[in-house]
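Structure below is model24.cif: mmCIF, C-alpha atoms.
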data_coords
#
loop_
_atom_site.label_atom_id
_atom_site.label_comp_id
_atom_site.auth_asym_id
_atom_site.auth_seq_id
_atom_site.Cartn_x
_atom_site.Cartn_y
_atom_site.Cartn_z
CA MET A 159 86.27 -98.28 -138.01
CA PRO A 160 82.79 -99.66 -138.10
CA ASP A 161 81.24 -100.77 -141.30
CA ARG A 162 78.56 -98.16 -141.81
CA GLN A 163 76.39 -100.50 -143.77
CA THR A 164 75.99 -103.04 -141.01
CA GLY A 165 76.95 -101.05 -137.96
CA LYS A 166 79.34 -103.84 -137.05
CA ASP A 167 82.27 -102.60 -135.12
CA PRO A 168 84.79 -104.80 -133.37
CA HIS A 169 84.82 -102.39 -130.44
CA THR A 170 81.10 -102.47 -129.78
CA GLU A 171 79.97 -105.80 -131.13
CA HIS A 172 80.55 -107.80 -127.99
CA LEU A 173 79.25 -105.20 -125.57
CA SER A 174 76.11 -105.60 -123.51
CA ASP A 175 73.38 -103.03 -123.84
CA HIS A 176 74.49 -101.47 -120.57
CA GLY A 177 78.03 -101.26 -121.91
CA LEU A 178 76.83 -99.66 -125.13
CA LEU A 179 74.72 -97.14 -123.27
CA ALA A 180 77.62 -96.22 -121.01
CA LEU A 181 79.64 -95.43 -124.14
CA VAL A 182 76.75 -93.44 -125.60
CA ALA A 183 76.69 -91.41 -122.38
CA ARG A 184 80.27 -90.40 -123.23
CA GLY A 185 79.32 -89.35 -126.72
CA ASP A 186 80.34 -92.50 -128.56
CA ARG A 187 78.57 -92.47 -131.92
CA GLU A 188 79.59 -95.99 -132.84
CA ALA A 189 77.95 -97.37 -129.72
CA PHE A 190 74.92 -95.24 -130.51
CA ALA A 191 74.77 -96.65 -134.04
CA ARG A 192 75.01 -100.14 -132.61
CA LEU A 193 72.14 -99.57 -130.17
CA TYR A 194 70.15 -98.13 -133.03
CA ASP A 195 70.80 -101.20 -135.15
CA LEU A 196 69.74 -103.50 -132.34
CA TYR A 197 66.49 -101.79 -131.41
CA SER A 198 65.39 -99.49 -134.20
CA GLU A 199 63.30 -102.14 -135.84
CA ALA A 200 61.39 -102.93 -132.65
CA ALA A 201 60.98 -99.20 -131.98
CA TYR A 202 59.87 -98.46 -135.53
CA SER A 203 57.44 -101.38 -135.61
CA LEU A 204 55.92 -100.12 -132.38
CA ALA A 205 55.71 -96.55 -133.65
CA VAL A 206 54.08 -97.59 -136.94
CA ARG A 207 51.54 -99.65 -135.04
CA ILE A 208 50.65 -96.69 -132.82
CA VAL A 209 50.77 -93.70 -135.17
CA ARG A 210 49.71 -95.64 -138.28
CA ASP A 211 51.88 -93.64 -140.61
CA ARG A 212 55.38 -94.52 -141.69
CA ASP A 213 56.70 -90.98 -141.95
CA LEU A 214 55.33 -89.99 -138.56
CA ALA A 215 56.69 -93.22 -137.14
CA ALA A 216 60.15 -92.37 -138.47
CA ASP A 217 59.92 -88.97 -136.76
CA VAL A 218 58.90 -90.65 -133.51
CA VAL A 219 61.83 -93.05 -133.64
CA GLN A 220 64.21 -90.24 -134.47
CA ASP A 221 62.94 -88.23 -131.51
CA ALA A 222 63.22 -91.23 -129.24
CA PHE A 223 66.79 -92.06 -130.20
CA LEU A 224 67.85 -88.43 -129.96
CA ALA A 225 66.42 -88.44 -126.43
CA VAL A 226 68.44 -91.57 -125.71
CA TRP A 227 71.56 -89.89 -127.05
CA LYS A 228 71.04 -86.81 -124.91
CA GLN A 229 69.88 -88.49 -121.73
CA ALA A 230 72.13 -91.56 -121.74
CA SER A 231 74.29 -90.13 -118.96
CA ARG A 232 71.24 -89.87 -116.72
CA PHE A 233 70.17 -93.48 -117.28
CA ASP A 234 70.17 -95.40 -114.01
CA ALA A 235 71.33 -98.94 -114.70
CA ARG A 236 69.59 -100.17 -111.56
CA ARG A 237 66.31 -99.11 -113.06
CA GLY A 238 66.21 -101.72 -115.74
CA GLN A 239 67.32 -102.55 -119.24
CA PRO A 240 68.42 -100.05 -121.87
CA SER A 241 66.16 -101.85 -124.35
CA THR A 242 63.17 -101.30 -122.07
CA TRP A 243 64.12 -97.66 -121.77
CA ILE A 244 64.43 -97.19 -125.52
CA LEU A 245 61.07 -98.82 -126.16
CA THR A 246 59.45 -96.91 -123.30
CA VAL A 247 60.67 -93.58 -124.66
CA THR A 248 59.45 -94.55 -128.13
CA HIS A 249 56.08 -95.60 -126.74
CA HIS A 250 55.64 -92.34 -124.83
CA LYS A 251 56.47 -90.21 -127.84
CA ALA A 252 54.18 -92.19 -130.13
CA VAL A 253 51.25 -92.20 -127.71
CA ASP A 254 51.67 -88.51 -126.96
CA LEU A 255 51.57 -87.84 -130.68
CA VAL A 256 48.36 -89.79 -131.32
CA ARG A 257 46.73 -88.13 -128.34
CA ARG A 258 47.73 -84.70 -129.59
CA GLU A 259 46.49 -85.34 -133.08
CA ASP A 260 43.72 -87.72 -132.11
CA ARG A 261 44.87 -90.03 -134.86
CA ARG A 262 43.92 -93.26 -133.22
CA ARG A 263 40.24 -93.07 -134.02
CA ALA A 264 41.12 -92.62 -137.64
CA GLU A 265 41.80 -95.17 -140.30
CA PRO A 266 41.94 -98.89 -139.77
CA LEU A 267 45.29 -100.57 -139.72
CA ASP A 268 44.86 -102.51 -142.92
CA GLU A 269 47.31 -100.54 -144.98
CA VAL A 270 49.96 -100.78 -142.33
CA ARG A 271 49.31 -104.43 -141.71
CA ALA A 272 49.51 -105.29 -145.37
CA GLY A 273 53.10 -104.13 -145.52
CA ALA A 274 54.09 -105.58 -142.20
CA ASP A 275 56.16 -108.54 -141.14
CA PRO A 276 58.66 -108.78 -143.95
CA ALA A 277 61.47 -111.24 -143.52
CA PRO A 278 63.93 -110.12 -140.88
CA SER A 279 66.31 -107.79 -142.65
CA VAL A 280 68.58 -106.59 -139.93
CA GLU A 281 70.07 -108.04 -136.87
CA GLU A 282 67.92 -107.50 -133.87
CA ARG A 283 68.68 -108.10 -130.24
CA ALA A 284 65.52 -109.32 -128.64
CA TRP A 285 64.27 -107.69 -125.51
CA LEU A 286 65.77 -109.66 -122.63
CA GLY A 287 66.08 -112.56 -125.02
CA VAL A 288 62.35 -112.70 -125.63
CA THR A 289 61.28 -113.35 -129.19
CA ARG A 290 58.37 -111.90 -131.06
CA GLU A 291 56.80 -115.30 -131.19
CA GLN A 292 57.05 -115.70 -127.43
CA VAL A 293 55.35 -112.38 -126.78
CA ARG A 294 52.63 -113.11 -129.27
CA THR A 295 52.07 -116.53 -127.76
CA ALA A 296 51.87 -115.08 -124.27
CA LEU A 297 49.41 -112.48 -125.48
CA ARG A 298 47.29 -115.02 -127.35
CA ARG A 299 46.96 -117.11 -124.24
CA LEU A 300 45.50 -114.27 -122.22
CA PRO A 301 41.73 -114.15 -121.86
CA ASP A 302 40.21 -111.96 -124.59
CA PRO A 303 39.13 -109.14 -122.24
CA HIS A 304 42.67 -108.94 -120.86
CA ARG A 305 44.27 -108.85 -124.27
CA GLU A 306 41.76 -106.24 -125.36
CA VAL A 307 42.59 -103.72 -122.62
CA LEU A 308 46.33 -104.21 -123.11
CA GLU A 309 46.12 -103.62 -126.85
CA LEU A 310 43.79 -100.64 -126.60
CA ALA A 311 45.88 -99.05 -123.88
CA TYR A 312 49.36 -99.78 -125.21
CA PHE A 313 48.86 -99.58 -128.97
CA ASP A 314 45.93 -97.21 -129.28
CA GLY A 315 46.76 -94.87 -126.45
CA TYR A 316 43.48 -95.10 -124.56
CA THR A 317 43.49 -93.86 -120.99
CA GLN A 318 41.60 -95.79 -118.35
CA SER A 319 38.53 -93.58 -118.50
CA GLU A 320 38.53 -93.63 -122.31
CA LEU A 321 38.67 -97.41 -122.12
CA ALA A 322 35.71 -97.44 -119.75
CA GLU A 323 33.74 -95.36 -122.21
CA ARG A 324 34.71 -97.39 -125.22
CA LEU A 325 34.07 -100.74 -123.57
CA ALA A 326 30.98 -99.51 -121.73
CA LEU A 327 32.38 -100.72 -118.43
CA PRO A 328 32.62 -99.06 -115.02
CA LEU A 329 35.98 -97.33 -114.54
CA GLY A 330 36.72 -99.56 -111.56
CA THR A 331 36.33 -102.64 -113.74
CA VAL A 332 38.71 -101.24 -116.34
CA LYS A 333 41.28 -100.47 -113.67
CA SER A 334 41.18 -103.90 -112.11
CA ARG A 335 41.13 -105.56 -115.52
CA THR A 336 44.21 -103.60 -116.64
CA PHE A 337 46.00 -104.55 -113.45
CA ALA A 338 45.08 -108.21 -113.83
CA ALA A 339 46.03 -108.27 -117.52
CA MET A 340 49.48 -106.82 -116.86
CA ALA A 341 50.05 -109.19 -113.95
CA ALA A 342 49.00 -112.13 -116.13
CA LEU A 343 51.29 -111.09 -118.97
CA ARG A 344 54.12 -110.65 -116.51
CA THR A 345 53.55 -114.15 -115.16
CA ALA A 346 53.39 -115.58 -118.67
CA LEU A 347 56.68 -113.94 -119.62
CA GLN A 348 58.28 -115.19 -116.44
CA ALA A 349 57.05 -118.68 -117.19
CA MET A 350 58.91 -118.43 -120.50
CA GLY A 351 62.08 -117.87 -118.55
CA ILE A 352 62.27 -114.13 -118.86
CA THR A 353 63.82 -112.70 -115.76
CA MET A 354 61.95 -109.94 -114.05
CA GLU A 355 63.13 -107.59 -111.40
CA ASP A 356 61.22 -109.02 -108.50
CA GLU A 357 62.57 -107.28 -105.41
CA TRP A 358 59.67 -104.94 -104.96
CA ASN A 359 57.42 -107.95 -104.63
CA THR A 360 59.05 -109.24 -101.49
CA SER A 361 59.53 -106.07 -99.55
CA THR A 362 56.61 -104.87 -97.52
CA SER A 363 55.20 -101.47 -96.97
CA MET B 67 53.12 -94.50 -96.81
CA GLU B 68 50.30 -95.36 -99.17
CA HIS B 69 51.71 -97.30 -102.11
CA VAL B 70 50.18 -97.08 -105.54
CA ASP B 71 50.55 -100.69 -106.65
CA GLU B 72 47.17 -100.85 -108.30
CA LEU B 73 48.01 -97.92 -110.58
CA ILE B 74 51.54 -98.85 -111.58
CA PRO B 75 50.80 -101.36 -114.36
CA ALA B 76 48.47 -98.84 -116.04
CA HIS B 77 51.13 -96.17 -115.57
CA ALA B 78 53.61 -98.42 -117.37
CA LEU B 79 51.11 -98.57 -120.24
CA ARG B 80 50.85 -94.76 -120.16
CA SER B 81 47.13 -95.26 -119.72
CA LEU B 82 46.43 -93.37 -116.50
CA ASP B 83 44.11 -90.41 -116.47
CA PRO B 84 45.78 -87.14 -115.44
CA ALA B 85 44.73 -87.15 -111.76
CA ASP B 86 45.95 -90.71 -111.17
CA GLU B 87 49.05 -89.99 -113.19
CA GLN B 88 49.94 -87.06 -110.94
CA GLN B 89 49.36 -89.13 -107.84
CA VAL B 90 51.67 -91.89 -109.09
CA VAL B 91 54.39 -89.54 -110.25
CA ALA B 92 54.37 -87.77 -106.88
CA HIS B 93 54.53 -91.05 -105.02
CA LEU B 94 57.35 -92.40 -107.19
CA GLU B 95 59.47 -89.41 -106.25
CA GLU B 96 59.72 -90.68 -102.71
CA CYS B 97 59.23 -94.43 -102.93
CA GLU B 98 62.07 -96.65 -104.06
CA ARG B 99 59.94 -99.79 -103.81
CA CYS B 100 57.32 -98.47 -106.21
CA ARG B 101 60.03 -97.26 -108.59
CA ARG B 102 61.31 -100.83 -108.74
CA MET B 103 57.81 -102.09 -109.35
CA LEU B 104 57.44 -99.60 -112.18
CA SER B 105 60.74 -100.68 -113.76
CA ASP B 106 59.45 -104.20 -113.71
CA TYR B 107 56.15 -103.31 -115.33
CA GLU B 108 57.84 -101.06 -117.87
CA GLY B 109 59.61 -104.24 -118.96
CA VAL B 110 56.30 -106.03 -119.26
CA ALA B 111 54.87 -103.15 -121.29
CA ALA B 112 57.97 -102.97 -123.49
CA SER B 113 57.60 -106.64 -124.35
CA LEU B 114 54.33 -105.70 -126.04
CA ALA B 115 56.35 -103.75 -128.59
CA TYR B 116 57.42 -107.11 -129.99
CA ALA B 117 53.80 -108.02 -130.61
CA ALA B 118 53.50 -105.20 -133.14
CA PRO B 119 53.70 -106.26 -136.79
CA ARG B 120 57.30 -106.04 -137.90
CA ALA B 121 58.11 -102.95 -139.91
CA VAL B 122 61.56 -102.08 -141.23
CA PRO B 123 62.73 -98.51 -140.63
CA PRO B 124 63.81 -96.55 -143.72
CA PRO B 125 67.61 -96.54 -144.13
CA GLU B 126 67.66 -92.72 -144.32
CA LEU B 127 66.52 -92.63 -140.72
CA ARG B 128 69.82 -94.10 -139.57
CA ASP B 129 71.76 -91.57 -141.64
CA ARG B 130 69.68 -88.70 -140.32
CA LEU B 131 70.17 -89.74 -136.73
CA LEU B 132 73.90 -90.22 -137.04
CA ALA B 133 74.18 -86.87 -138.80
CA ALA B 134 72.24 -85.27 -135.95
CA VAL B 135 74.77 -86.52 -133.41
CA GLU B 136 77.79 -85.66 -135.51
CA PRO B 137 80.66 -84.44 -133.34
CA VAL B 138 81.86 -80.86 -133.36
CA VAL B 139 83.55 -79.98 -136.61
CA GLU B 140 83.65 -76.25 -136.74
CA ALA B 141 80.97 -73.88 -135.66
CA PRO B 142 80.62 -70.25 -136.36
CA SER B 143 79.27 -68.89 -133.12
CA LEU B 144 75.88 -67.31 -133.42
CA GLU B 145 76.90 -64.50 -131.08
CA ALA B 146 79.88 -63.83 -133.28
CA ALA B 147 77.74 -63.11 -136.31
CA PRO B 148 78.32 -59.44 -137.05
CA ARG B 149 75.24 -57.33 -136.58
CA SER B 150 75.89 -55.47 -139.78
CA ARG B 151 74.82 -58.51 -141.67
CA PHE B 152 71.29 -57.67 -140.76
CA ALA B 153 71.50 -53.98 -141.37
CA TRP B 154 69.10 -54.38 -144.26
CA TRP B 155 66.58 -56.02 -142.02
CA PRO B 156 63.54 -53.75 -141.71
CA ARG B 157 63.90 -51.39 -138.77
CA ALA B 158 60.26 -51.73 -137.93
CA ALA B 159 60.80 -55.40 -137.59
CA THR B 160 62.70 -55.09 -134.34
CA VAL B 161 59.72 -56.10 -132.32
CA ALA B 162 60.88 -56.70 -128.82
CA VAL B 163 60.29 -60.25 -127.75
CA PRO B 164 61.76 -60.43 -124.28
CA VAL B 165 61.01 -64.09 -123.95
CA LEU B 166 63.65 -64.61 -126.55
CA ALA B 167 66.42 -63.70 -124.22
CA ALA B 168 65.76 -66.90 -122.37
CA CYS B 169 65.47 -69.04 -125.43
CA VAL B 170 68.27 -71.28 -126.38
CA ILE B 171 68.30 -71.11 -130.09
CA GLY B 172 69.85 -73.69 -132.25
CA LEU B 173 71.23 -73.06 -135.61
CA VAL B 174 74.27 -74.44 -137.20
CA VAL B 175 75.70 -73.56 -140.46
CA TRP B 176 77.49 -75.56 -142.88
CA ASN B 177 79.71 -74.13 -145.43
CA VAL B 178 79.39 -75.84 -148.75
CA SER B 179 82.19 -74.22 -150.62
CA LEU B 180 84.65 -74.55 -147.79
CA ARG B 181 84.21 -78.21 -147.20
CA ASN B 182 83.46 -79.62 -150.60
CA ASP B 183 86.94 -80.90 -151.03
CA LEU B 184 87.11 -82.69 -147.70
CA ASN B 185 86.19 -86.21 -146.85
CA THR B 186 85.09 -87.32 -150.24
CA THR B 187 84.75 -90.83 -148.95
CA LYS B 188 82.27 -93.46 -149.93
CA ASP B 189 80.68 -93.00 -146.56
CA SER B 190 77.09 -92.03 -147.16
CA LEU B 191 77.30 -89.57 -144.32
CA ALA B 192 79.94 -87.65 -146.20
CA GLN B 193 77.35 -86.58 -148.72
CA ASN B 194 75.77 -84.58 -145.96
CA ARG B 195 77.83 -81.99 -144.15
CA THR B 196 77.12 -81.16 -140.56
CA VAL B 197 78.47 -78.72 -138.09
CA HIS B 198 77.54 -78.82 -134.46
CA VAL B 199 77.27 -75.84 -132.18
CA ASP B 200 77.61 -76.84 -128.58
CA GLY B 201 74.34 -76.79 -126.69
CA VAL B 202 72.49 -75.56 -129.72
CA GLY B 203 71.83 -77.81 -132.68
CA ASN B 204 72.85 -78.81 -136.16
CA LEU B 205 72.34 -77.72 -139.68
CA VAL B 206 72.87 -80.42 -142.25
CA ALA B 207 73.16 -79.60 -145.93
CA ASP B 208 73.53 -81.92 -148.86
CA GLN B 209 75.29 -81.36 -152.14
CA GLY B 210 72.09 -80.16 -153.77
CA GLY B 211 71.54 -77.32 -151.33
CA ASN B 212 68.82 -79.08 -149.34
CA VAL B 213 69.17 -78.09 -145.73
CA THR B 214 67.85 -79.81 -142.64
CA LEU B 215 67.72 -77.95 -139.37
CA TYR B 216 68.01 -79.83 -136.09
CA ALA B 217 67.34 -77.47 -133.26
CA ASP B 218 66.80 -77.77 -129.56
CA MET B 219 65.16 -74.67 -128.21
CA ALA B 220 62.58 -73.41 -125.79
CA PRO B 221 59.00 -73.45 -127.04
CA ALA B 222 58.05 -70.40 -129.10
CA PRO B 223 56.10 -67.79 -127.09
CA ALA B 224 52.33 -68.30 -126.96
CA GLY B 225 50.68 -67.48 -130.29
CA LYS B 226 54.05 -67.44 -132.07
CA VAL B 227 56.12 -69.84 -134.10
CA TYR B 228 59.72 -69.99 -135.14
CA GLU B 229 60.18 -69.44 -138.84
CA ALA B 230 63.27 -70.34 -140.82
CA TRP B 231 64.41 -68.25 -143.77
CA VAL B 232 66.87 -68.72 -146.55
CA ILE B 233 68.25 -65.32 -147.44
CA GLY B 234 69.84 -64.88 -150.83
CA SER B 235 70.24 -61.94 -153.16
CA SER B 236 66.49 -61.62 -153.60
CA GLY B 237 65.80 -61.33 -149.88
CA PRO B 238 64.39 -63.73 -147.33
CA ILE B 239 62.47 -66.78 -148.57
CA PRO B 240 60.22 -68.54 -146.03
CA ALA B 241 61.64 -72.01 -145.35
CA GLY B 242 59.28 -73.48 -142.78
CA THR B 243 57.92 -72.95 -139.29
CA PHE B 244 58.16 -74.94 -136.07
CA GLN B 245 57.16 -74.70 -132.44
CA GLY B 246 60.33 -75.50 -130.54
CA GLY B 247 60.14 -77.18 -127.15
CA GLY B 248 62.34 -80.21 -127.70
CA THR B 249 64.49 -81.39 -130.52
CA ILE B 250 62.96 -80.66 -133.86
CA MET B 251 63.97 -81.63 -137.33
CA LEU B 252 62.93 -79.35 -140.14
CA ASP B 253 63.66 -79.89 -143.82
CA LEU B 254 63.89 -76.34 -145.07
CA SER B 255 61.46 -75.76 -147.89
CA ALA B 256 63.89 -73.45 -149.69
CA GLN B 257 67.29 -74.46 -150.95
CA ALA B 258 70.39 -72.63 -149.81
CA ARG B 259 73.21 -71.76 -152.16
CA PRO B 260 76.74 -70.98 -151.11
CA GLY B 261 76.76 -67.47 -149.69
CA ASP B 262 73.11 -67.56 -148.66
CA GLN B 263 72.15 -67.02 -145.08
CA VAL B 264 69.83 -69.11 -142.97
CA ALA B 265 68.03 -67.23 -140.23
CA ILE B 266 65.31 -67.88 -137.67
CA THR B 267 62.77 -65.34 -136.51
CA ILE B 268 59.75 -65.40 -134.25
CA GLU B 269 56.56 -64.92 -136.22
CA PRO B 270 52.84 -64.91 -135.49
CA ALA B 271 51.25 -68.36 -135.50
CA GLY B 272 50.98 -69.64 -139.04
CA GLY B 273 54.18 -67.94 -140.11
CA SER B 274 54.78 -64.88 -142.28
CA ASN B 275 55.70 -64.28 -145.89
CA LYS B 276 58.22 -61.64 -144.86
CA PRO B 277 60.10 -61.56 -141.57
CA THR B 278 58.41 -59.29 -139.03
CA SER B 279 61.10 -59.46 -136.36
CA SER B 280 64.86 -59.54 -136.09
CA PRO B 281 66.51 -62.92 -136.43
CA VAL B 282 67.14 -64.72 -133.19
CA ALA B 283 69.80 -66.78 -134.90
CA SER B 284 71.46 -66.77 -138.26
CA ALA B 285 74.54 -67.84 -140.12
CA SER B 286 75.80 -67.78 -143.61
CA VAL B 287 76.02 -70.91 -145.68
#
Take the structure in the file and give it back as structure tokens.
Amino acid sequence: MPDRQTGKDPHTEHLSDHGLLALVARGDREAFARLYDLYSEAAYSLAVRIVRDRDLAADVVQDAFLAVWKQASRFDARRGQPSTWILTVTHHKAVDLVRREDRRRAEPLDEVRAGADPAPSVEERAWLGVTREQVRTALRRLPDPHREVLELAYFDGYTQSELAERLALPLGTVKSRTFAAMAALRTALQAMGITMEDEWNTSTS
Amino acid sequence: MEHVDELIPAHALRSLDPADEQQVVAHLEECERCRRMLSDYEGVAASLAYAAPRAVPPPELRDRLLAAVEPVVEAPSLEAAPRSRFAWWPRAATVAVPVLAACVIGLVVWNVSLRNDLNTTKDSLAQNRTVHVDGVGNLVADQGGNVTLYADMAPAPAGKVYEAWVIGSSGPIPAGTFQGGGTIMLDLSAQARPGDQVAITIEPAGGSNKPTSSPVASASV
């Protein structure tokens, strides 16, 4: 039996994320608990950053993991990493919530930031082996305008036309800047040794 | 075929405006290459999650989630609930809501008195009792009579909400409203004692003080 306090379980501890998700697809709660332990902190941190409220963020993460539980059998392993999927689902739910409630124009992040970044308290499996520090470094190295569109789009839920309005830029400029910023971040992550699925890049139309 | 490369990174950020979004989604349906490109950029976007300030999720969240996916224990079927239980329900309240027929309603009941003596382990989950009804949802009750409803049901009809009730000897007590349309979690605002019923009705938006329609689901606690 797993230790409920740590989620450690000799049957799931050595499994890859794909292995865990395959078990979750068959209704394995221990594998589900393990996936939760590995990625809940990343998901929750993301949700808090987006919705700016700890209770709402907890609801978002709960929704996201319940979706993972229910849809695990439909996950296509060729389409990427379970961790990416979990964080994508969390991101969608959080952004949809701020758009619905128009929370993002509200309060500054100070309160949330003040309580952020405590010492690591739980085990965390980094996304594709990437660390927080690596991502932050990659982001810091981007030109300011690139970093700005990524943060406003990803964390604050701005659509392209909302970005154009906020930044007082033509929509076309925002679109090409978003594209360039994502491509630059992708290149930076690759340069740090993070493997990307690259097949689409070589095939032609 | 016209690919949508220039829109895919923004799609991965969930930043497209509706018209572009529709175009991309339609294209992805039929283009394996662009689906691979999207997977790639979803990875890039997901990496940004690790740039968010670290925040530690509350421990109760883990308990809640694991309770919500608790395996089947024993589930009184909603259909099996005898109609006579609601004989007292106001006749006039039988407002026909045909949409309901299509709704999948989730409600699970947990029987405090029956299960109190089981599983008195140190396991924190054991303090909460859950029963699952297949394809429906869960009701989780703690020792103090606090009840949490996890339900997966169709959205309430336009202009209506679902309202939960705790029904004891003094009649139905409003216990919270929700919209449906996905998995919801609702901490009932009224406590349930052994023998009480929990029921769900459809009510006008904003909820009612007294039920105005027949329960679409109910079970006794």
All residues 8 Å or closer to stretch 197-201 of chain A, only C-alpha atoms, same chain fewer than 2 positions away omitted, as an NGL selection string: (:A and (193-195 or 203-205 or 219 or 241 or 244-245 or 248 or 282-283)) or (:B and (115-116 or 120-123))
Limited to C-alpha atoms, could you put the picked residues into a file as a CSV table (one decimal), keeping the file's coordinate frame?
chain,number,residue,atom,x,y,z
A,193,LEU,CA,72.1,-99.6,-130.2
A,194,TYR,CA,70.2,-98.1,-133.0
A,195,ASP,CA,70.8,-101.2,-135.2
A,203,SER,CA,57.4,-101.4,-135.6
A,204,LEU,CA,55.9,-100.1,-132.4
A,205,ALA,CA,55.7,-96.6,-133.6
A,219,VAL,CA,61.8,-93.0,-133.6
A,241,SER,CA,66.2,-101.8,-124.4
A,244,ILE,CA,64.4,-97.2,-125.5
A,245,LEU,CA,61.1,-98.8,-126.2
A,248,THR,CA,59.4,-94.6,-128.1
A,282,GLU,CA,67.9,-107.5,-133.9
A,283,ARG,CA,68.7,-108.1,-130.2
B,115,ALA,CA,56.4,-103.8,-128.6
B,116,TYR,CA,57.4,-107.1,-130.0
B,120,ARG,CA,57.3,-106.0,-137.9
B,121,ALA,CA,58.1,-103.0,-139.9
B,122,VAL,CA,61.6,-102.1,-141.2
B,123,PRO,CA,62.7,-98.5,-140.6
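Taken over the shown file, the PyMOL selection byres ((chain B and resi 241-256) around 7) identifies Val213, Thr214, Leu215, Tyr216, Ala217, Asp218, Met219, Ala220, Pro221, Ala222, Val227, Tyr228, Glu229, Ala230, Trp231, Val232, Ile239, Pro240, Gln257, Ala258 and Gly273 of chain B.
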Residues of chain B within 6 Å of chain A, only C-alpha atoms counted, as a ChimeraX atom specification: /B:75,79,81-83,99,102-103,105-106,109-110,112,115-123
Interatomic distance (Å, one decimal) between atom CA of B:Val70 and atom CA of B:Val91: 9.8 Å
Gap from atom CA of B:Ile233 to atom CA of B:Gln263 - Å, one decimal: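 Atom-to-atom, atom CA of B:Ile233 and atom CA of B:Gln263 are spaced 4.9 Å apart.
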Atom-to-atom span, atom CA of B:Pro223 and atom CA of B:Pro270, Å: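 According to the coordinates, atom CA of B:Pro223 and atom CA of B:Pro270 are separated by 9.5 Å.
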Residues near A:Ser174, cut-off 12 Å, all atoms listed in the file, skip fewer than 3 positions along chain, as a PyMOL selection string: chain A and resi 169-171+177-181+189+192-193+196+239-241+283+286
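Residue selection for this entry, given the PyMOL selection byres ((chain B and resi 276) around 8), comprises Pro238, Ile239, Pro240, Ser274, Asn275, Pro277 and Thr278 of chain B.
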Can you report as JSON the centre and edge lengths in Å, to one decimal, of an axis-aligned box around the listed atoms of stretch 246-258 of chain A padded with 6 Å on each side?
{"center_x": 53.7, "center_y": -90.8, "center_z": -127.3, "size_x": 25.9, "size_y": 24.2, "size_z": 20.0}
Write stretch 202-214 of chain B as a PDB file, in the frame of the given file, completed to N, CA and C atoms.
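Result file result-v7.pdb:
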ATOM      1  N   VAL B 202      73.425 -76.255-128.851  1.00  0.00           N
ATOM      2  CA  VAL B 202      72.490 -75.560-129.720  1.00  0.00           C
ATOM      3  C   VAL B 202      71.796 -76.530-130.676  1.00  0.00           C
ATOM      4  N   GLY B 203      72.464 -76.908-131.719  1.00  0.00           N
ATOM      5  CA  GLY B 203      71.830 -77.810-132.680  1.00  0.00           C
ATOM      6  C   GLY B 203      72.692 -77.969-133.907  1.00  0.00           C
ATOM      7  N   ASN B 204      72.100 -78.527-134.938  1.00  0.00           N
ATOM      8  CA  ASN B 204      72.850 -78.810-136.160  1.00  0.00           C
ATOM      9  C   ASN B 204      72.115 -78.305-137.381  1.00  0.00           C
ATOM     10  N   LEU B 205      72.888 -77.960-138.366  1.00  0.00           N
ATOM     11  CA  LEU B 205      72.340 -77.720-139.680  1.00  0.00           C
ATOM     12  C   LEU B 205      73.062 -78.675-140.615  1.00  0.00           C
ATOM     13  N   VAL B 206      72.275 -79.436-141.357  1.00  0.00           N
ATOM     14  CA  VAL B 206      72.870 -80.420-142.250  1.00  0.00           C
ATOM     15  C   VAL B 206      72.479 -80.061-143.675  1.00  0.00           C
ATOM     16  N   ALA B 207      73.463 -79.938-144.544  1.00  0.00           N
ATOM     17  CA  ALA B 207      73.160 -79.600-145.930  1.00  0.00           C
ATOM     18  C   ALA B 207      73.716 -80.667-146.844  1.00  0.00           C
ATOM     19  N   ASP B 208      72.992 -80.966-147.895  1.00  0.00           N
ATOM     20  CA  ASP B 208      73.530 -81.920-148.860  1.00  0.00           C
ATOM     21  C   ASP B 208      74.086 -81.187-150.069  1.00  0.00           C
ATOM     22  N   GLN B 209      74.620 -81.977-150.990  1.00  0.00           N
ATOM     23  CA  GLN B 209      75.290 -81.360-152.140  1.00  0.00           C
ATOM     24  C   GLN B 209      74.341 -80.516-152.975  1.00  0.00           C
ATOM     25  N   GLY B 210      73.050 -80.864-152.925  1.00  0.00           N
ATOM     26  CA  GLY B 210      72.090 -80.160-153.770  1.00  0.00           C
ATOM     27  C   GLY B 210      71.538 -78.898-153.143  1.00  0.00           C
ATOM     28  N   GLY B 211      72.032 -78.534-151.954  1.00  0.00           N
ATOM     29  CA  GLY B 211      71.540 -77.320-151.330  1.00  0.00           C
ATOM     30  C   GLY B 211      70.333 -77.535-150.424  1.00  0.00           C
ATOM     31  N   ASN B 212      69.904 -78.803-150.286  1.00  0.00           N
ATOM     32  CA  ASN B 212      68.820 -79.080-149.340  1.00  0.00           C
ATOM     33  C   ASN B 212      69.372 -79.013-147.925  1.00  0.00           C
ATOM     34  N   VAL B 213      68.665 -78.316-147.070  1.00  0.00           N
ATOM     35  CA  VAL B 213      69.170 -78.090-145.730  1.00  0.00           C
ATOM     36  C   VAL B 213      68.167 -78.627-144.715  1.00  0.00           C
ATOM     37  N   THR B 214      68.691 -79.346-143.743  1.00  0.00           N
ATOM     38  CA  THR B 214      67.850 -79.810-142.640  1.00  0.00           C
ATOM     39  C   THR B 214      68.332 -79.163-141.363  1.00  0.00           C
TER      40      THR B 214
END
